[in-house]
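Novice: Contents of input_19.txt (compact mmCIF, C-alpha atoms) are below:
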```txt
# COMPACT_ATOMS: atom_id res chain seq x y z
CA MET N 1160 88.79 -112.67 141.83
CA GLY N 1161 88.82 -111.32 138.27
CA LEU N 1162 91.97 -113.09 137.16
CA ARG N 1163 93.06 -114.38 133.77
CA ILE N 1164 94.17 -117.89 134.69
CA LEU N 1165 96.33 -120.24 132.68
CA THR N 1166 95.44 -123.87 133.34
CA VAL N 1167 97.98 -126.59 132.59
CA ASN N 1168 96.95 -130.23 132.21
CA ALA N 1169 100.04 -132.34 131.64
CA GLY N 1170 99.35 -135.99 130.92
CA SER N 1171 101.52 -138.95 129.98
CA SER N 1172 100.93 -138.39 126.24
CA SER N 1173 99.57 -134.85 125.88
CA LEU N 1174 99.66 -131.39 127.37
CA LYS N 1175 96.74 -128.96 127.27
CA VAL N 1176 96.91 -125.30 128.21
CA SER N 1177 93.84 -123.07 128.47
CA LEU N 1178 93.20 -119.46 129.37
CA ILE N 1179 90.13 -118.89 131.57
CA ASP N 1180 88.74 -115.40 132.01
CA SER N 1181 87.01 -113.91 135.05
CA ASP N 1182 83.61 -115.14 133.79
CA HIS N 1183 84.77 -118.77 133.83
CA GLN N 1184 84.95 -118.86 130.03
CA VAL N 1185 87.67 -120.57 128.00
CA VAL N 1186 89.08 -117.81 125.78
CA ALA N 1187 92.00 -119.77 124.32
CA GLU N 1188 93.31 -123.32 124.44
CA GLN N 1189 95.96 -125.46 122.84
CA THR N 1190 96.77 -129.17 123.07
CA PHE N 1191 99.86 -130.91 121.81
CA GLU N 1192 101.39 -134.34 122.10
CA THR N 1193 104.23 -135.10 124.48
CA SER N 1194 106.66 -138.00 124.56
CA GLY N 1195 106.75 -140.05 127.73
CA GLY N 1196 105.43 -137.10 129.72
CA GLU N 1197 108.35 -134.90 128.61
CA VAL N 1198 107.28 -131.32 127.94
CA SER N 1199 108.70 -129.57 124.88
CA ASP N 1200 109.97 -126.25 126.19
CA THR N 1201 109.70 -124.65 122.74
CA LYS N 1202 106.09 -125.73 122.18
CA LEU N 1203 105.05 -124.81 125.70
CA GLU N 1204 106.68 -121.39 125.49
CA ALA N 1205 104.90 -120.69 122.20
CA ALA N 1206 101.57 -121.83 123.63
CA VAL N 1207 101.91 -119.76 126.79
CA HIS N 1208 102.93 -116.59 124.94
CA ALA N 1209 100.01 -117.05 122.56
CA MET N 1210 97.64 -116.80 125.54
CA GLY N 1211 98.53 -113.16 126.23
CA GLU N 1212 98.48 -111.78 129.78
CA VAL N 1213 98.44 -114.43 132.51
CA GLU N 1214 97.81 -113.45 136.14
CA ALA N 1215 97.82 -116.88 137.77
CA VAL N 1216 98.50 -120.51 136.86
CA GLY N 1217 96.60 -123.62 137.88
CA HIS N 1218 98.16 -127.05 137.37
CA ARG N 1219 95.90 -130.08 137.30
CA VAL N 1220 97.74 -132.68 139.37
CA VAL N 1221 96.28 -136.16 139.52
CA HIS N 1222 97.14 -136.98 143.16
CA GLY N 1223 97.64 -134.97 146.34
CA GLY N 1224 98.46 -137.96 148.52
CA PRO N 1225 97.52 -137.98 152.21
CA ARG N 1226 99.12 -134.55 152.80
CA PHE N 1227 97.02 -132.45 150.42
CA PRO N 1228 93.25 -133.02 150.52
CA GLN N 1229 92.77 -129.57 148.94
CA SER N 1230 94.50 -127.42 146.33
CA VAL N 1231 97.63 -125.56 147.49
CA ARG N 1232 99.89 -122.77 146.32
CA ILE N 1233 103.05 -124.23 144.80
CA ASP N 1234 106.42 -123.77 146.50
CA PRO N 1235 109.61 -125.88 146.54
CA GLU N 1236 108.33 -128.00 149.46
CA VAL N 1237 105.13 -128.87 147.56
CA ILE N 1238 107.20 -129.91 144.56
CA ARG N 1239 109.46 -132.09 146.73
CA TYR N 1240 106.45 -133.80 148.29
CA LEU N 1241 104.81 -134.52 144.93
CA ALA N 1242 108.08 -136.00 143.69
CA SER N 1243 108.12 -138.29 146.74
CA ILE N 1244 104.68 -139.80 145.97
CA THR N 1245 105.06 -140.45 142.24
CA ASP N 1246 104.56 -144.17 142.83
CA LEU N 1247 100.90 -143.41 143.66
CA ALA N 1248 100.31 -142.33 140.05
CA PRO N 1249 103.43 -143.25 138.05
CA LEU N 1250 101.84 -142.53 134.67
CA HIS N 1251 100.71 -139.02 135.59
CA LEU N 1252 102.63 -137.36 138.43
CA PRO N 1253 105.99 -137.16 136.60
CA ALA N 1254 104.27 -135.36 133.71
CA SER N 1255 102.59 -132.95 136.12
CA LEU N 1256 105.91 -132.17 137.79
CA ALA N 1257 107.54 -131.59 134.41
CA GLY N 1258 104.74 -129.16 133.52
CA ILE N 1259 105.08 -127.31 136.83
CA THR N 1260 108.84 -126.93 136.40
CA ALA N 1261 108.57 -125.74 132.80
CA VAL N 1262 105.89 -123.14 133.53
CA ARG N 1263 107.75 -121.81 136.59
CA VAL N 1264 110.70 -121.10 134.30
CA LEU N 1265 108.48 -119.28 131.79
CA LEU N 1266 106.39 -117.37 134.36
CA PRO N 1267 108.58 -117.11 137.48
CA ARG N 1268 106.66 -114.19 139.04
CA VAL N 1269 103.13 -115.50 138.41
CA PRO N 1270 101.50 -117.29 141.38
CA SER N 1271 100.80 -120.95 140.70
CA VAL N 1272 98.50 -123.46 142.38
CA ALA N 1273 98.54 -127.25 142.40
CA CYS N 1274 94.95 -128.39 141.94
CA PHE N 1275 94.46 -132.03 142.84
CA ASP N 1276 92.05 -134.38 141.10
CA THR N 1277 91.73 -136.22 144.40
CA ALA N 1278 90.58 -133.11 146.30
CA PHE N 1279 86.97 -133.26 145.12
CA HIS N 1280 86.60 -136.70 146.69
CA SER N 1281 88.42 -135.85 149.93
CA ARG N 1282 85.13 -135.28 151.79
CA MET N 1283 83.55 -138.58 150.82
CA PRO N 1284 81.87 -140.28 153.77
CA ALA N 1285 84.14 -142.65 155.67
CA ALA N 1286 81.95 -145.56 154.62
CA ALA N 1287 82.87 -144.87 150.99
CA SER N 1288 86.54 -143.94 151.46
CA THR N 1289 87.67 -146.66 153.87
CA TYR N 1290 89.17 -150.02 152.91
CA ALA N 1291 88.55 -152.96 155.24
CA ILE N 1292 92.24 -153.53 155.94
CA PRO N 1293 94.21 -153.23 159.22
CA GLU N 1294 94.18 -149.79 160.80
CA GLU N 1295 97.97 -149.88 161.05
CA TRP N 1296 98.23 -149.94 157.23
CA ARG N 1297 95.64 -147.22 156.81
CA GLN N 1298 97.34 -144.92 159.30
CA ARG N 1299 100.97 -145.62 158.44
CA PHE N 1300 100.64 -145.38 154.65
CA GLY N 1301 97.65 -143.06 154.29
CA ILE N 1302 95.68 -145.78 152.52
CA ARG N 1303 92.14 -144.80 151.58
CA ARG N 1304 89.96 -144.55 148.51
CA TYR N 1305 91.13 -141.24 147.03
CA GLY N 1306 89.12 -141.14 143.80
CA PHE N 1307 90.15 -139.33 140.62
CA HIS N 1308 88.75 -137.28 137.71
CA GLY N 1309 87.53 -134.90 140.41
CA PHE N 1310 87.50 -131.80 138.22
CA SER N 1311 85.51 -133.52 135.50
CA HIS N 1312 82.93 -134.86 137.97
CA ALA N 1313 82.68 -131.48 139.71
CA HIS N 1314 82.12 -129.61 136.45
CA ALA N 1315 79.61 -132.17 135.16
CA ALA N 1316 77.55 -131.98 138.36
CA ARG N 1317 77.71 -128.18 138.47
CA ARG N 1318 76.70 -127.88 134.82
CA ALA N 1319 73.88 -130.40 135.27
CA ALA N 1320 72.42 -128.25 138.05
CA GLU N 1321 72.62 -125.21 135.78
CA MET N 1322 70.96 -127.00 132.87
CA LEU N 1323 68.16 -128.28 135.11
CA ARG N 1324 67.84 -124.84 136.72
CA SER N 1325 68.46 -126.14 140.20
CA PRO N 1326 71.81 -124.63 141.27
CA GLY N 1327 72.54 -124.94 144.96
CA SER N 1328 69.97 -127.67 145.43
CA GLY N 1329 70.51 -131.16 146.80
CA LEU N 1330 70.57 -132.62 143.30
CA LYS N 1331 71.60 -136.28 143.17
CA VAL N 1332 73.84 -136.64 140.12
CA VAL N 1333 75.62 -139.72 138.78
CA THR N 1334 78.45 -138.51 136.56
CA CYS N 1335 80.16 -140.86 134.11
CA HIS N 1336 83.58 -139.67 132.95
CA LEU N 1337 84.36 -142.03 130.09
CA GLY N 1338 87.65 -141.62 128.26
CA SER N 1339 90.85 -143.64 128.03
CA GLY N 1340 90.60 -143.54 131.81
CA ALA N 1341 87.09 -143.81 133.20
CA SER N 1342 85.21 -143.43 136.46
CA VAL N 1343 81.71 -142.87 137.81
CA ALA N 1344 80.85 -140.67 140.78
CA ALA N 1345 77.88 -140.00 143.03
CA VAL N 1346 77.56 -136.24 143.59
CA TRP N 1347 74.86 -135.04 145.99
CA GLY N 1348 74.38 -131.31 146.30
CA GLY N 1349 77.85 -130.72 144.84
CA ARG N 1350 79.60 -133.11 147.24
CA SER N 1351 81.22 -136.39 146.17
CA MET N 1352 79.56 -139.24 148.06
CA ASP N 1353 81.30 -142.12 146.31
CA THR N 1354 83.31 -142.91 143.20
CA THR N 1355 84.64 -145.95 141.41
CA MET N 1356 88.39 -145.24 141.43
CA GLY N 1357 90.16 -145.83 144.72
CA PHE N 1358 93.71 -145.70 146.12
CA THR N 1359 94.97 -145.63 142.52
CA PRO N 1360 93.27 -144.92 139.17
CA LEU N 1361 93.21 -148.68 138.51
CA GLU N 1362 90.08 -149.49 140.51
CA GLY N 1363 86.58 -149.48 139.06
CA LEU N 1364 85.50 -149.46 135.43
CA VAL N 1365 87.04 -151.30 132.50
CA MET N 1366 89.15 -148.66 130.69
CA GLY N 1367 91.22 -148.28 127.54
CA THR N 1368 94.32 -150.08 128.82
CA ARG N 1369 93.49 -150.54 132.53
CA SER N 1370 91.76 -153.61 133.90
CA GLY N 1371 89.57 -151.86 136.41
CA SER N 1372 88.63 -153.82 139.53
CA ILE N 1373 89.80 -157.43 139.66
CA ASP N 1374 89.92 -159.98 142.47
CA PRO N 1375 93.02 -159.16 144.58
CA GLY N 1376 93.33 -162.90 145.11
CA LEU N 1377 94.00 -163.21 141.38
CA VAL N 1378 97.00 -160.89 141.69
CA LEU N 1379 98.37 -162.99 144.56
CA TRP N 1380 97.72 -166.22 142.62
CA LEU N 1381 99.57 -164.97 139.54
CA GLN N 1382 102.52 -163.83 141.65
CA ARG N 1383 102.69 -167.18 143.41
CA HIS N 1384 101.93 -169.65 140.59
CA ALA N 1385 102.95 -167.80 137.42
CA GLY N 1386 105.95 -165.94 138.80
CA VAL N 1387 104.60 -162.55 137.69
CA THR N 1388 106.80 -159.80 139.13
CA GLU N 1389 105.51 -156.60 140.68
CA ALA N 1390 106.81 -154.56 137.74
CA GLU N 1391 105.20 -156.87 135.18
CA MET N 1392 101.91 -156.86 137.09
CA THR N 1393 101.86 -153.07 137.26
CA GLU N 1394 102.68 -152.64 133.58
CA THR N 1395 100.13 -155.26 132.50
CA LEU N 1396 97.20 -154.04 134.58
CA ASP N 1397 97.89 -150.37 133.76
CA GLN N 1398 98.88 -150.55 130.10
CA ARG N 1399 97.99 -153.95 128.56
CA SER N 1400 94.55 -154.70 129.97
CA GLY N 1401 91.06 -153.23 129.56
CA LEU N 1402 89.71 -152.81 126.03
CA ALA N 1403 93.21 -153.31 124.64
CA ALA N 1404 93.35 -156.81 126.12
CA LEU N 1405 89.79 -157.76 125.18
CA ALA N 1406 89.47 -156.21 121.72
CA GLY N 1407 93.05 -155.58 120.64
CA SER N 1408 92.53 -151.81 120.72
CA ALA N 1409 92.19 -149.29 123.54
CA ASP N 1410 90.24 -146.96 121.22
CA MET N 1411 86.47 -147.28 121.65
CA ARG N 1412 86.00 -146.14 118.05
CA GLU N 1413 87.98 -149.17 116.89
CA VAL N 1414 85.97 -151.44 119.17
CA LEU N 1415 82.69 -150.17 117.70
CA ARG N 1416 84.02 -150.55 114.16
CA GLY N 1417 85.00 -154.10 115.03
CA ILE N 1418 81.47 -154.86 116.19
CA SER N 1419 80.09 -153.48 112.92
CA ALA N 1420 82.46 -155.80 111.07
CA GLY N 1421 81.21 -158.80 113.03
CA SER N 1422 84.10 -159.25 115.46
CA ASP N 1423 83.15 -161.48 118.39
CA ARG N 1424 86.18 -160.19 120.26
CA ALA N 1425 85.05 -156.57 119.95
CA ARG N 1426 81.48 -157.54 120.93
CA LEU N 1427 82.72 -159.21 124.11
CA ALA N 1428 84.85 -156.17 124.94
CA LEU N 1429 81.89 -153.81 124.75
CA ASP N 1430 79.66 -156.22 126.67
CA VAL N 1431 82.19 -156.42 129.52
CA TYR N 1432 82.67 -152.63 129.47
CA VAL N 1433 78.93 -151.89 129.59
CA HIS N 1434 78.20 -154.60 132.18
CA ARG N 1435 80.65 -153.01 134.61
CA LEU N 1436 79.49 -149.47 133.77
CA ARG N 1437 75.82 -150.24 134.43
CA ALA N 1438 76.65 -151.91 137.74
CA CYS N 1439 78.72 -148.92 138.85
CA ILE N 1440 76.02 -146.42 137.88
CA ALA N 1441 73.51 -148.36 139.96
CA ALA N 1442 75.95 -148.50 142.88
CA MET N 1443 76.47 -144.73 142.75
CA ALA N 1444 72.71 -144.16 142.76
CA ALA N 1445 72.47 -146.46 145.79
CA ALA N 1446 75.12 -144.36 147.58
CA MET N 1447 72.67 -141.42 147.43
CA ALA N 1448 69.48 -143.44 147.92
CA GLY N 1449 68.26 -142.15 144.58
CA LEU N 1450 69.07 -140.47 141.30
CA ASP N 1451 67.90 -137.14 139.86
CA VAL N 1452 70.08 -136.96 136.74
CA LEU N 1453 72.58 -139.10 134.82
CA VAL N 1454 75.48 -137.38 133.04
CA PHE N 1455 77.88 -138.64 130.38
CA THR N 1456 81.13 -136.72 129.84
CA GLY N 1457 84.66 -137.34 128.55
CA GLY N 1458 85.75 -138.44 125.08
CA VAL N 1459 83.74 -141.68 124.99
CA GLY N 1460 80.86 -140.29 127.04
CA GLU N 1461 80.41 -137.34 124.68
CA ASN N 1462 81.10 -139.03 121.35
CA ALA N 1463 79.95 -142.68 121.47
CA PRO N 1464 76.14 -142.87 121.06
CA ALA N 1465 76.25 -146.67 120.94
CA VAL N 1466 77.93 -146.86 124.34
CA ARG N 1467 75.36 -144.53 125.87
CA ALA N 1468 72.47 -146.43 124.29
CA GLU N 1469 73.67 -149.86 125.43
CA THR N 1470 74.40 -148.58 128.93
CA VAL N 1471 71.05 -146.88 129.43
CA SER N 1472 69.10 -149.81 127.95
CA GLY N 1473 69.80 -151.72 131.16
CA LEU N 1474 68.95 -148.88 133.55
CA GLY N 1475 65.23 -148.50 133.06
CA PHE N 1476 64.65 -149.54 136.67
CA LEU N 1477 66.32 -146.26 137.70
CA GLY N 1478 63.88 -144.23 135.59
CA VAL N 1479 66.47 -143.54 132.89
CA GLU N 1480 65.47 -143.61 129.21
CA ILE N 1481 66.97 -141.79 126.23
CA ASP N 1482 65.58 -140.64 122.91
CA GLU N 1483 67.24 -142.58 120.08
CA THR N 1484 67.25 -139.67 117.64
CA LEU N 1485 68.58 -137.17 120.17
CA ASN N 1486 71.26 -139.62 121.27
CA LYS N 1487 72.57 -140.08 117.72
CA ASN N 1488 72.69 -136.38 116.87
CA VAL N 1489 73.87 -134.76 120.08
CA VAL N 1490 76.26 -131.87 120.52
CA ALA N 1491 77.20 -131.26 124.16
CA ASP N 1492 75.82 -129.75 126.34
CA ALA N 1493 72.44 -131.38 125.70
CA ASP N 1494 69.55 -133.34 127.15
CA ILE N 1495 68.96 -136.67 125.36
CA SER N 1496 66.17 -137.93 127.60
CA ALA N 1497 63.11 -139.63 126.23
CA SER N 1498 59.90 -137.72 126.90
CA ALA N 1499 58.68 -140.46 129.24
CA ALA N 1500 61.88 -140.65 131.28
CA ASP N 1501 61.58 -140.02 135.02
CA VAL N 1502 65.30 -139.19 135.26
CA PRO N 1503 66.98 -136.93 132.66
CA THR N 1504 70.16 -137.97 130.87
CA LEU N 1505 72.58 -135.20 129.90
CA ILE N 1506 75.67 -135.02 127.70
CA ILE N 1507 78.11 -132.43 129.08
CA LYS N 1508 81.41 -131.41 127.55
CA ALA N 1509 84.31 -132.06 129.90
CA HIS N 1510 85.85 -128.83 131.18
CA GLU N 1511 88.37 -129.71 133.83
CA ASP N 1512 90.14 -126.43 133.03
CA ILE N 1513 87.21 -124.34 134.26
CA GLU N 1514 87.15 -126.19 137.58
CA VAL N 1515 90.91 -125.84 137.95
CA ALA N 1516 90.54 -122.07 137.47
CA ARG N 1517 87.84 -122.00 140.18
CA GLU N 1518 90.26 -123.72 142.55
CA VAL N 1519 93.01 -121.21 141.76
CA ARG N 1520 90.70 -118.30 142.62
CA LYS N 1521 89.67 -119.99 145.84
CA VAL N 1522 93.26 -120.59 146.98
CA LEU N 1523 94.60 -117.15 146.04
CA SER N 1524 91.66 -115.32 147.59
CA SER N 1525 92.35 -117.00 150.93
CA THR N 1526 96.10 -116.26 151.04
```
Would you mind writing the structure in this file as structure tokens?
Specialist:
Amino acid sequence: MGLRILTVNAGSSSLKVSLIDSDHQVVAEQTFETSGGEVSDTKLEAAVHAMGEVEAVGHRVVHGGPRFPQSVRIDPEVIRYLASITDLAPLHLPASLAGITAVRVLLPRVPSVACFDTAFHSRMPAAASTYAIPEEWRQRFGIRRYGFHGFSHAHAARRAAEMLRSPGSGLKVVTCHLGSGASVAAVWGGRSMDTTMGFTPLEGLVMGTRSGSIDPGLVLWLQRHAGVTEAEMTETLDQRSGLAALAGSADMREVLRGISAGSDRARLALDVYVHRLRACIAAMAAAMAGLDVLVFTGGVGENAPAVRAETVSGLGFLGVEIDETLNKNVVADADISASAADVPTLIIKAHEDIEVAREVRKVLSST
């Protein structure tokens, strides 16, 4: 469908709108800060009008819950359902709902689609998506490993196939989305086979303010022996852990500057971060019984050469090796592999908006 699609990505601290043309190209985009997920009607209206003609809208929504394993056209019932599952992603879903409401007021006659970050991972094999907990819990509450950052992983894998001139093949791609939130995925022939985030975006890698995976027994111990409440536990693990807890800053740039200044605290933070990242990359490769290409994307993945270098230095057994000069002077999209590497390493600019637009076309063409 040759539509001009407005994509809306409303986060807890920012809102990005992009206009995608029929050739899957970003022709205009604007990002501005929000406060507590609240959307400024004035700023949003100005941004939308600056885009020109809009024929459809795609909203990136972090979680579809058990009801929506695929993108869906937005109606009042969809909005009510998303409001009912905000506790699955309390930092993100309220902002998404605010964005949906605001855009529906501005463009009431333009069809809109909710595009779920969890959808890309909805076809993961049962072995990867199932928790070893009682079936009653899994059935009653829809508990499974949902996975997140789906649009980023999908775009990175698709773009990797294009760059390696193997579109449509059974390419085994490990995609590393590294930003304030972070996850790794195993993508085989365009299908998600496994990923590091699970029921919530808290599982997996060490992140800016999130702990990543910890022993669930530790949570129980702290509740029992330290009197930590559910609200305090949630706030601490989501917003006061990760790099912020280890280094005093959630910003990887500050962590790297701290290392340069001789900070032992910053050094430990990066060591913990990279240790977990390497292990997860290896696990994703194991999920596909091999690896054809490694991809870094997201703010840290695209802009932190030191993180890429330290990560890859421990992955030689997978055939991964990068060129030091290329790594330090890269502009995405690019190949930074060493000439002797068996497995290429690519840097790909994150374009969740392009994947959201693809989803909008798919949904509207089938209705």
Novice: With a distance cut-off of 10 Å and all atoms listed in the file, select the neighbouring residues of Thr1484 in chain N, excluding the residue or stretch itself and same-chain residues fewer than 3 positions from it, and output the selection as a list in words.
Specialist: Ile1481, Lys1487, Asn1488, Val1489, Ile1495 and Ala1497 of chain N
Novice: Restrict the selected residues to C-alpha atoms and save them as an mmCIF file, in the frame of the given file.
Specialist:
```cif
data_model
loop_
_atom_site.group_PDB
_atom_site.id
_atom_site.type_symbol
_atom_site.label_atom_id
_atom_site.label_comp_id
_atom_site.auth_asym_id
_atom_site.auth_seq_id
_atom_site.Cartn_x
_atom_site.Cartn_y
_atom_site.Cartn_z
ATOM 1 C CA ILE N 1481 66.970 -141.790 126.230
ATOM 2 C CA LYS N 1487 72.570 -140.080 117.720
ATOM 3 C CA ASN N 1488 72.690 -136.380 116.870
ATOM 4 C CA VAL N 1489 73.870 -134.760 120.080
ATOM 5 C CA ILE N 1495 68.960 -136.670 125.360
ATOM 6 C CA ALA N 1497 63.110 -139.630 126.230
#
```
Novice: Rank nothing, just name the residue among N:Val1466, N:Val1343, N:Val1186, N:Met1366 nearest to Ile1440 in chain N, using all atoms listed in the file.
Specialist: N:Val1343
Novice: Residues within 12 Å of Ala1438 in chain N, please, as number ranges by chain. Count all atoms listed in the file; anything in the same chain fewer than 6 positions from it doesn't count.
Specialist: N: 1343, 1355, 1363-1365, 1431-1432, 1444-1445, 1470-1471, 1473-1474, 1477
Novice: Extract, using all atoms listed in the file, all DNA, RNA and protein residues at most 10 Å from His1183 in chain N, discarding same-chain residues fewer than 6 positions from it, and format them as a ChimeraX atom specification.
Specialist: /N:1161-1164,1512-1514,1516-1517
Novice: What's the separation between CA of Lys1175 in chain N and CA of Phe1191 in chain N, in Å to one decimal place?
Specialist: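 About the pair CA of Lys1175 in chain N and CA of Phe1191 in chain N: they are 6.6 Å apart.
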Novice: Which residues are near range 1210-1216 of chain N? Cut-off 9 Å, all atoms listed in the file, ignore same chain within fewer than 3 positions. Put them as a ChimeraX atom specification.
Specialist: /N:1162-1167,1176-1178,1186-1188,1205-1207,1262,1266,1269-1273,1516,1519-1520,1523
Novice: Quick one: of N:Ser1328, N:Ser1311, N:Thr1289, N:Asn1168, who's nearest to Ala1341 in chain N, counting only C-alpha atoms?
Specialist: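 Of the candidates, the smallest distance to Ala1341 in chain N is held by N:Ser1311.
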Novice: Quick one: distance from CA of Ala1442 in chain N to CA of Val1378 in chain N in Å, one decimal?
Specialist: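 Between these atoms lies a distance of 24.5 Å.
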Novice: Using Å and a single decimal, report how far CA of Glu1469 in chain N sits from CA of Leu1405 in chain N.
Specialist: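 CA of Glu1469 in chain N lies 18.0 Å from CA of Leu1405 in chain N.
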Novice: Point out the residue among N:Thr1368, N:Ser1173, N:Thr1354, N:Gln1382 with the least atom-to-atom distance to Arg1399 in chain N, counting all atoms listed in the file.
Specialist: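 The shortest atom-to-atom distance to Arg1399 in chain N comes from N:Thr1368.
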Novice: Nearest to Ala1315 in chain N among N:Thr1388, N:Thr1334, N:Ser1342, N:Ser1370, with distances taken over only C-alpha atoms: which residue is it?
Specialist: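 Ranked by minimum distance to Ala1315 in chain N, first place goes to N:Thr1334.
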Novice: Which residue gives the smallest distance to Phe1279 in chain N among N:Ala1345, N:Val1185, N:Ala1248, N:Val1479, with only C-alpha atoms counted?
Specialist: N:Ala1345
Novice: With a distance cut-off of 8 Å and all atoms listed in the file, select the neighbouring residues of Ser1255 in chain N, excluding the residue or stretch itself and same-chain residues fewer than 6 positions from it, and output the selection as a ChimeraX atom specification.
Specialist: /N:1168-1170,1218-1221
Novice: Tell me which of N:Arg1268, N:Phe1227, N:Ala1242, N:Ile1259 sits closest to Ser1281 in chain N, counting only C-alpha atoms.
Specialist: N:Phe1227
Novice: Generate the missing atoms of range 1174-1194 of chain N up to N, CA and C atoms and report them as a compact mmCIF listing (two decimals), keeping the file's coordinate frame.
Specialist:
```txt
# COMPACT_ATOMS: atom_id res chain seq x y z
N LEU N 1174 99.68 -132.54 126.47
CA LEU N 1174 99.66 -131.39 127.37
C LEU N 1174 98.67 -130.37 126.82
N LYS N 1175 97.75 -129.94 127.68
CA LYS N 1175 96.74 -128.96 127.27
C LYS N 1175 96.88 -127.71 128.14
N VAL N 1176 96.92 -126.56 127.49
CA VAL N 1176 96.91 -125.30 128.21
C VAL N 1176 95.68 -124.50 127.78
N SER N 1177 95.03 -123.87 128.74
CA SER N 1177 93.84 -123.07 128.47
C SER N 1177 93.94 -121.76 129.22
N LEU N 1178 93.31 -120.74 128.67
CA LEU N 1178 93.20 -119.46 129.37
C LEU N 1178 91.75 -119.24 129.74
N ILE N 1179 91.50 -119.06 131.04
CA ILE N 1179 90.13 -118.89 131.57
C ILE N 1179 89.99 -117.46 132.06
N ASP N 1180 88.93 -116.79 131.60
CA ASP N 1180 88.74 -115.40 132.01
C ASP N 1180 87.94 -115.32 133.31
N SER N 1181 87.67 -114.11 133.76
CA SER N 1181 87.01 -113.91 135.05
C SER N 1181 85.56 -114.37 135.06
N ASP N 1182 84.99 -114.63 133.88
CA ASP N 1182 83.61 -115.14 133.79
C ASP N 1182 83.57 -116.65 133.62
N HIS N 1183 84.67 -117.31 133.93
CA HIS N 1183 84.77 -118.77 133.83
C HIS N 1183 84.58 -119.26 132.40
N GLN N 1184 85.04 -118.48 131.43
CA GLN N 1184 84.95 -118.86 130.03
C GLN N 1184 86.34 -119.19 129.50
N VAL N 1185 86.41 -120.22 128.65
CA VAL N 1185 87.67 -120.57 128.00
C VAL N 1185 87.85 -119.63 126.81
N VAL N 1186 88.87 -118.78 126.85
CA VAL N 1186 89.08 -117.81 125.78
C VAL N 1186 90.17 -118.26 124.81
N ALA N 1187 90.98 -119.23 125.21
CA ALA N 1187 92.00 -119.77 124.32
C ALA N 1187 92.45 -121.11 124.88
N GLU N 1188 92.81 -122.03 123.99
CA GLU N 1188 93.31 -123.32 124.44
C GLU N 1188 94.18 -123.94 123.35
N GLN N 1189 95.08 -124.77 123.78
CA GLN N 1189 95.96 -125.46 122.84
C GLN N 1189 96.38 -126.79 123.45
N THR N 1190 96.35 -127.84 122.63
CA THR N 1190 96.77 -129.17 123.07
C THR N 1190 97.82 -129.69 122.11
N PHE N 1191 98.88 -130.28 122.67
CA PHE N 1191 99.86 -130.91 121.81
C PHE N 1191 100.39 -132.17 122.46
N GLU N 1192 100.90 -133.07 121.63
CA GLU N 1192 101.39 -134.34 122.10
C GLU N 1192 102.74 -134.18 122.83
N THR N 1193 102.95 -135.05 123.80
CA THR N 1193 104.23 -135.10 124.48
C THR N 1193 104.78 -136.52 124.35
N SER N 1194 106.03 -136.69 124.64
CA SER N 1194 106.66 -138.00 124.56
C SER N 1194 107.08 -138.46 125.94
```
